[in-house]
$ cat upload_23.pdb   # PDB, C-alpha atoms
ATOM      1  CA  MET A   1     122.160  95.440  92.852
ATOM      2  CA  THR A   2     120.487  95.046  89.504
ATOM      3  CA  VAL A   3     122.352  94.280  86.308
ATOM      4  CA  PRO A   4     120.339  95.572  83.353
ATOM      5  CA  ASP A   5     121.647  93.249  80.622
ATOM      6  CA  ALA A   6     122.100  90.071  82.698
ATOM      7  CA  GLN A   7     118.824  88.590  81.417
ATOM      8  CA  PRO A   8     118.919  85.592  79.117
ATOM      9  CA  GLY A   9     118.188  86.397  75.516
ATOM     10  CA  PRO A  10     119.063  89.397  73.397
ATOM     11  CA  SER A  11     120.748  92.464  74.872
ATOM     12  CA  ASP A  12     118.887  95.701  75.379
ATOM     13  CA  ALA A  13     120.730  97.147  72.364
ATOM     14  CA  ALA A  14     119.544  94.246  70.199
ATOM     15  CA  LEU A  15     115.978  94.690  71.438
ATOM     16  CA  ILE A  16     116.097  98.419  70.687
ATOM     17  CA  ALA A  17     117.319  97.692  67.164
ATOM     18  CA  ALA A  18     114.567  95.117  66.680
ATOM     19  CA  TRP A  19     111.919  97.559  67.935
ATOM     20  CA  ARG A  20     113.208 100.238  65.574
ATOM     21  CA  GLU A  21     112.605  97.724  62.772
ATOM     22  CA  GLY A  22     108.998  97.203  63.901
ATOM     23  CA  ASP A  23     109.226  94.239  66.296
ATOM     24  CA  GLU A  24     106.576  95.034  68.966
ATOM     25  CA  SER A  25     107.659  92.065  71.087
ATOM     26  CA  ALA A  26     111.083  93.699  71.506
ATOM     27  CA  ALA A  27     109.436  96.718  73.146
ATOM     28  CA  GLN A  28     107.405  94.410  75.377
ATOM     29  CA  GLU A  29     110.599  92.683  76.509
ATOM     30  CA  LEU A  30     112.286  96.008  77.294
ATOM     31  CA  VAL A  31     109.260  97.026  79.373
ATOM     32  CA  ARG A  32     109.262  93.647  81.145
ATOM     33  CA  ARG A  33     112.963  94.012  82.002
ATOM     34  CA  HIS A  34     112.903  97.579  83.250
ATOM     35  CA  ALA A  35     109.409  98.629  84.415
ATOM     36  CA  ARG A  36     109.799  97.250  87.946
ATOM     37  CA  ALA A  37     113.132  99.026  88.522
ATOM     38  CA  LEU A  38     111.654 102.220  87.063
ATOM     39  CA  ALA A  39     108.639 102.002  89.380
ATOM     40  CA  GLY A  40     110.883 101.377  92.397
ATOM     41  CA  PHE A  41     113.069 104.352  91.545
ATOM     42  CA  LEU A  42     110.086 106.660  91.000
ATOM     43  CA  ALA A  43     108.395 105.514  94.222
ATOM     44  CA  ALA A  44     111.559 106.176  96.205
ATOM     45  CA  ALA A  45     111.923 109.554  94.501
ATOM     46  CA  GLY A  46     108.477 110.647  95.633
ATOM     47  CA  ALA A  47     105.861 109.298  93.217
ATOM     48  CA  ARG A  48     102.956 107.974  95.264
ATOM     49  CA  GLU A  49      99.415 107.750  93.961
ATOM     50  CA  ASP A  50     100.544 108.719  90.448
ATOM     51  CA  LEU A  51     103.120 105.928  90.193
ATOM     52  CA  ASP A  52     101.409 103.840  87.497
ATOM     53  CA  ASP A  53     100.694 106.900  85.373
ATOM     54  CA  LEU A  54     104.254 108.121  85.812
ATOM     55  CA  VAL A  55     105.727 104.763  84.776
ATOM     56  CA  GLN A  56     103.505 104.740  81.674
ATOM     57  CA  GLU A  57     104.396 108.350  80.849
ATOM     58  CA  THR A  58     108.102 107.561  81.207
ATOM     59  CA  LEU A  59     107.861 104.530  78.931
ATOM     60  CA  PHE A  60     105.830 106.517  76.413
ATOM     61  CA  ARG A  61     108.452 109.281  76.372
ATOM     62  CA  ALA A  62     111.284 106.773  76.077
ATOM     63  CA  PHE A  63     109.837 104.899  73.127
ATOM     64  CA  ARG A  64     108.777 108.119  71.421
ATOM     65  CA  ARG A  65     112.398 109.354  71.725
ATOM     66  CA  ILE A  66     114.198 106.042  71.242
ATOM     67  CA  ASP A  67     116.173 107.519  68.333
ATOM     68  CA  ARG A  68     117.879 109.841  70.844
ATOM     69  CA  PHE A  69     119.261 106.867  72.798
ATOM     70  CA  ARG A  70     122.961 106.688  71.915
ATOM     71  CA  GLY A  71     124.077 103.900  74.224
ATOM     72  CA  SER A  72     126.585 105.998  76.204
ATOM     73  CA  ALA A  73     124.726 104.818  79.325
ATOM     74  CA  SER A  74     122.671 101.673  79.773
ATOM     75  CA  PHE A  75     119.069 101.687  78.571
ATOM     76  CA  ARG A  76     117.923 101.418  82.193
ATOM     77  CA  THR A  77     119.963 104.453  83.224
ATOM     78  CA  TRP A  78     118.545 106.421  80.286
ATOM     79  CA  LEU A  79     115.026 105.306  81.226
ATOM     80  CA  LEU A  80     115.528 106.334  84.877
ATOM     81  CA  THR A  81     116.728 109.742  83.709
ATOM     82  CA  ILE A  82     113.552 110.171  81.658
ATOM     83  CA  GLY A  83     111.541 109.049  84.692
ATOM     84  CA  SER A  84     113.290 111.588  86.892
ATOM     85  CA  ASN A  85     112.414 114.327  84.402
ATOM     86  CA  ALA A  86     108.783 113.161  84.229
ATOM     87  CA  LEU A  87     108.612 113.285  88.031
ATOM     88  CA  LYS A  88     110.020 116.838  88.012
ATOM     89  CA  ASP A  89     107.356 117.829  85.461
ATOM     90  CA  LEU A  90     104.664 116.338  87.698
ATOM     91  CA  GLY A  91     106.046 118.255  90.677
ATOM     92  CA  ARG A  92     105.848 121.517  88.735
ATOM     93  CA  LYS A  93     102.218 120.791  87.849
ATOM     94  CA  ARG A  94     101.402 119.999  91.481
ATOM     95  CA  ARG A  95     102.977 123.193  92.761
ATOM     96  CA  ARG A  96     100.704 125.109  90.429
ATOM     97  CA  ARG A  97      97.607 123.407  91.849
ATOM     98  CA  LEU A  98      98.364 122.530  95.465
ATOM     99  CA  VAL A  99      95.564 120.513  97.070
ATOM    100  CA  LEU A 100      95.712 119.461 100.707
ATOM    101  CA  PRO A 101      94.148 116.110 101.613
ATOM    102  CA  LEU A 102      91.477 116.157 104.307
ATOM    103  CA  VAL A 103      92.604 112.834 105.784
ATOM    104  CA  ASP A 104      96.139 111.486 106.169
ATOM    105  CA  ARG A 105      95.847 107.917 104.898
ATOM    106  CA  ASP A 106      99.468 107.106 105.783
ATOM    107  CA  LEU A 107      98.940 107.228 109.551
ATOM    108  CA  PRO A 108      99.141 103.762 111.116
ATOM    109  CA  ASP A 109      96.275 102.451 113.239
ATOM    110  CA  PRO A 110      97.787 102.630 116.744
ATOM    111  CA  ALA A 111      95.486  99.883 118.013
ATOM    112  CA  SER A 112      96.793  97.328 115.506
ATOM    113  CA  ASP A 113     100.562  98.030 115.402
ATOM    114  CA  PRO A 114     102.953  96.853 118.094
ATOM    115  CA  HIS A 115     105.395  99.408 119.471
ATOM    116  CA  GLY A 116     108.341  98.073 117.447
ATOM    117  CA  GLU A 117     106.474  98.466 114.169
ATOM    118  CA  LEU A 118     105.516 102.026 115.094
ATOM    119  CA  VAL A 119     109.109 102.912 115.824
ATOM    120  CA  GLU A 120     110.218 101.357 112.529
ATOM    121  CA  ARG A 121     107.476 103.085 110.546
ATOM    122  CA  ASP A 122     108.354 106.393 112.184
ATOM    123  CA  LEU A 123     112.010 105.986 111.247
ATOM    124  CA  LEU A 124     111.164 104.999 107.666
ATOM    125  CA  ALA A 125     108.789 107.943 107.356
ATOM    126  CA  ARG A 126     111.440 110.334 108.662
ATOM    127  CA  LEU A 127     113.988 108.915 106.217
ATOM    128  CA  ALA A 128     111.533 109.189 103.327
ATOM    129  CA  ASP A 129     110.870 112.812 104.312
ATOM    130  CA  VAL A 130     114.586 113.569 104.432
ATOM    131  CA  VAL A 131     115.090 111.943 101.020
ATOM    132  CA  GLN A 132     112.280 114.124  99.643
ATOM    133  CA  GLN A 133     113.870 117.246 101.166
ATOM    134  CA  LEU A 134     117.260 116.598  99.596
ATOM    135  CA  PRO A 135     118.197 118.846  96.706
ATOM    136  CA  ARG A 136     117.106 117.143  93.466
ATOM    137  CA  LEU A 137     120.611 116.186  92.332
ATOM    138  CA  GLN A 138     121.538 114.735  95.748
ATOM    139  CA  ARG A 139     118.269 112.776  95.828
ATOM    140  CA  ASP A 140     118.696 111.423  92.297
ATOM    141  CA  VAL A 141     122.333 110.428  92.886
ATOM    142  CA  PHE A 142     121.457 108.765  96.193
ATOM    143  CA  LEU A 143     118.538 106.788  94.720
ATOM    144  CA  LEU A 144     120.455 105.735  91.596
ATOM    145  CA  ARG A 145     123.343 104.551  93.773
ATOM    146  CA  VAL A 146     121.347 102.818  96.527
ATOM    147  CA  ARG A 147     118.241 101.522  94.733
ATOM    148  CA  GLU A 148     119.719 100.802  91.320
ATOM    149  CA  GLY A 149     123.309 100.021  92.285
ATOM    150  CA  LEU A 150     124.742 102.233  89.553
ATOM    151  CA  SER A 151     128.396 103.232  89.558
ATOM    152  CA  TYR A 152     129.361 106.863  89.955
ATOM    153  CA  GLU A 153     130.380 106.884  86.289
ATOM    154  CA  GLU A 154     126.920 105.642  85.222
ATOM    155  CA  ILE A 155     125.225 108.157  87.510
ATOM    156  CA  ALA A 156     127.364 110.978  86.109
ATOM    157  CA  GLY A 157     126.420 110.002  82.558
ATOM    158  CA  ALA A 158     122.726 109.827  83.403
ATOM    159  CA  LEU A 159     122.599 113.135  85.269
ATOM    160  CA  GLY A 160     125.048 115.151  83.193
ATOM    161  CA  THR A 161     127.654 115.626  85.910
ATOM    162  CA  THR A 162     131.075 114.185  86.745
ATOM    163  CA  PRO A 163     131.790 111.023  88.760
ATOM    164  CA  GLY A 164     133.512 113.172  91.398
ATOM    165  CA  ALA A 165     130.487 115.439  91.711
ATOM    166  CA  ALA A 166     128.229 112.373  91.954
ATOM    167  CA  ARG A 167     130.373 111.100  94.857
ATOM    168  CA  VAL A 168     130.096 114.454  96.631
ATOM    169  CA  HIS A 169     126.306 114.567  96.166
ATOM    170  CA  TYR A 170     126.006 111.003  97.480
ATOM    171  CA  HIS A 171     128.188 111.838 100.497
ATOM    172  CA  HIS A 172     126.075 114.885 101.401
ATOM    173  CA  ALA A 173     122.827 112.919 100.994
ATOM    174  CA  ALA A 174     124.110 110.077 103.164
ATOM    175  CA  LYS A 175     125.287 112.554 105.812
ATOM    176  CA  ARG A 176     121.826 114.153 106.013
ATOM    177  CA  LEU A 177     120.138 110.756 106.251
ATOM    178  CA  LYS A 178     122.537 109.653 108.988
ATOM    179  CA  GLY A 179     121.732 112.858 110.891
ATOM    180  CA  ALA A 180     118.030 112.088 110.599
ATOM    181  CA  ILE A 181     118.575 108.629 112.074
ATOM    182  CA  THR A 182     120.916 109.563 114.908
ATOM    183  CA  HIS A 183     119.455 112.936 115.854
ATOM    184  CA  GLY A 184     115.873 112.658 114.686
ATOM    185  CA  GLU A 185     116.342 115.621 112.371
ATOM    186  CA  GLY A 186     113.994 116.111 109.454
ATOM    187  CA  GLY A 187     116.375 118.054 107.222
TER     188      GLY A 187
END
$ encode --input "upload_23.pdb" --output "structure tokens"
Amino acid sequence: MTVPDAQPGPSDAALIAAWREGDESAAQELVRRHARALAGFLAAAGAREDLDDLVQETLFRAFRRIDRFRGSASFRTWLLTIGSNALKDLGRKRRRRLVLPLVDRDLPDPASDPHGELVERDLLARLADVVQQLPRLQRDVFLLRVREGLSYEEIAGALGTTPGAARVHYHHAAKRLKGAITHGEGG
């Protein structure tokens, strides 16, 4: 579990205030604190080859709109919400221009992987597919809860829902993932 403001030094709120007053190093510190978690969230949510661009786009959007940050959620939660929206925008663009790759680069080389690694990779691939197939809200709640360790209250604030609804979405996502593990289902 990550704790956004547990770093030594000024709080995120203090860094935001300093950046608003023109301190570029404050922005650099915010990026240092949160870029890795943002990248991990976006990768788990489906960003692959566009991950670096998506992280940069998210940070650009966040700093361009920093005056909209009210502090009702943590800066990291707000940033992950912006990242989720940027990923949705990218998905819309991709659906408009669907291109199929000629070669699947994610296939393991069967000659180099032992059986156990193949089984594990197959399971992880199935789970990743199921996560991608979840309805957007279930996927976002699941990833914010599991990858970022956010509370249901924080998730509700970030996604514009209630803590109870966040619990229900998490439960349904976990149930589908469990089904994929125990029954080999893809969705």
$ residues_near_point --input "upload_23.pdb" --point "(112.2, 103.3, 98.6)" --cutoff "10 Å" --atoms "all atoms listed in the file" --output "PDB file with C-alpha atoms, in the coordinates of the input"
ATOM      1  CA  ALA A  39     108.639 102.002  89.380  1.00  0.00           C
ATOM      2  CA  GLY A  40     110.883 101.377  92.397  1.00  0.00           C
ATOM      3  CA  PHE A  41     113.069 104.352  91.545  1.00  0.00           C
ATOM      4  CA  LEU A  42     110.086 106.660  91.000  1.00  0.00           C
ATOM      5  CA  ALA A  43     108.395 105.514  94.222  1.00  0.00           C
ATOM      6  CA  ALA A  44     111.559 106.176  96.205  1.00  0.00           C
ATOM      7  CA  ALA A  45     111.923 109.554  94.501  1.00  0.00           C
ATOM      8  CA  GLY A  46     108.477 110.647  95.633  1.00  0.00           C
ATOM      9  CA  LEU A 124     111.164 104.999 107.666  1.00  0.00           C
ATOM     10  CA  LEU A 127     113.988 108.915 106.217  1.00  0.00           C
ATOM     11  CA  ALA A 128     111.533 109.189 103.327  1.00  0.00           C
ATOM     12  CA  VAL A 131     115.090 111.943 101.020  1.00  0.00           C
ATOM     13  CA  LEU A 143     118.538 106.788  94.720  1.00  0.00           C
ATOM     14  CA  VAL A 146     121.347 102.818  96.527  1.00  0.00           C
ATOM     15  CA  ARG A 147     118.241 101.522  94.733  1.00  0.00           C
TER      16      ARG A 147
END
$ resolve_selection --input "upload_23.pdb" --expression "the PyMOL selection byres ((chain A and resi 150) around 12)" --output "PyMOL selection string"
chain A and resi 1-4+73-74+76-78+80+140-149+151-159+163+166-167+170
$ write_last_selection --input "upload_23.pdb" --atoms "C-alpha atoms" --output "PDB file, keeping the file's coordinate frame"
ATOM      1  CA  MET A   1     122.160  95.440  92.852  1.00  0.00           C
ATOM      2  CA  THR A   2     120.487  95.046  89.504  1.00  0.00           C
ATOM      3  CA  VAL A   3     122.352  94.280  86.308  1.00  0.00           C
ATOM      4  CA  PRO A   4     120.339  95.572  83.353  1.00  0.00           C
ATOM      5  CA  ALA A  73     124.726 104.818  79.325  1.00  0.00           C
ATOM      6  CA  SER A  74     122.671 101.673  79.773  1.00  0.00           C
ATOM      7  CA  ARG A  76     117.923 101.418  82.193  1.00  0.00           C
ATOM      8  CA  THR A  77     119.963 104.453  83.224  1.00  0.00           C
ATOM      9  CA  TRP A  78     118.545 106.421  80.286  1.00  0.00           C
ATOM     10  CA  LEU A  80     115.528 106.334  84.877  1.00  0.00           C
ATOM     11  CA  ASP A 140     118.696 111.423  92.297  1.00  0.00           C
ATOM     12  CA  VAL A 141     122.333 110.428  92.886  1.00  0.00           C
ATOM     13  CA  PHE A 142     121.457 108.765  96.193  1.00  0.00           C
ATOM     14  CA  LEU A 143     118.538 106.788  94.720  1.00  0.00           C
ATOM     15  CA  LEU A 144     120.455 105.735  91.596  1.00  0.00           C
ATOM     16  CA  ARG A 145     123.343 104.551  93.773  1.00  0.00           C
ATOM     17  CA  VAL A 146     121.347 102.818  96.527  1.00  0.00           C
ATOM     18  CA  ARG A 147     118.241 101.522  94.733  1.00  0.00           C
ATOM     19  CA  GLU A 148     119.719 100.802  91.320  1.00  0.00           C
ATOM     20  CA  GLY A 149     123.309 100.021  92.285  1.00  0.00           C
ATOM     21  CA  SER A 151     128.396 103.232  89.558  1.00  0.00           C
ATOM     22  CA  TYR A 152     129.361 106.863  89.955  1.00  0.00           C
ATOM     23  CA  GLU A 153     130.380 106.884  86.289  1.00  0.00           C
ATOM     24  CA  GLU A 154     126.920 105.642  85.222  1.00  0.00           C
ATOM     25  CA  ILE A 155     125.225 108.157  87.510  1.00  0.00           C
ATOM     26  CA  ALA A 156     127.364 110.978  86.109  1.00  0.00           C
ATOM     27  CA  GLY A 157     126.420 110.002  82.558  1.00  0.00           C
ATOM     28  CA  ALA A 158     122.726 109.827  83.403  1.00  0.00           C
ATOM     29  CA  LEU A 159     122.599 113.135  85.269  1.00  0.00           C
ATOM     30  CA  PRO A 163     131.790 111.023  88.760  1.00  0.00           C
ATOM     31  CA  ALA A 166     128.229 112.373  91.954  1.00  0.00           C
ATOM     32  CA  ARG A 167     130.373 111.100  94.857  1.00  0.00           C
ATOM     33  CA  TYR A 170     126.006 111.003  97.480  1.00  0.00           C
TER      34      TYR A 170
END
$ residues_around --input "upload_23.pdb" --residues "range 15-22 of chain A" --least-positions-apart "5" --cutoff "12 Å" --atoms "all atoms listed in the file" --output "MDAnalysis selection string"
chainID A and resid 5 9:10 27:33 62:71 74:75
$ closest_residue --input "upload_23.pdb" --among "A:Arg126, A:Arg92, A:Arg136, A:Arg121" --to "Leu177 in chain A" --atoms "all atoms listed in the file"
A:Arg126
$ atom_distance --input "upload_23.pdb" --atom1 "CA of Asp89 in chain A" --atom2 "CA of Asp53 in chain A"
12.8 Å
$ axis_aligned_box --input "upload_23.pdb" --around "range 19-27 of chain A" --padding-each-side "4 Å" --output "JSON"
{"center_x": 109.9, "center_y": 96.2, "center_z": 68.0, "size_x": 14.6, "size_y": 16.2, "size_z": 18.4}
$ atom_distance --input "upload_23.pdb" --atom1 "CA of Pro135 in chain A" --atom2 "CA of Leu59 in chain A"
25.1 Å
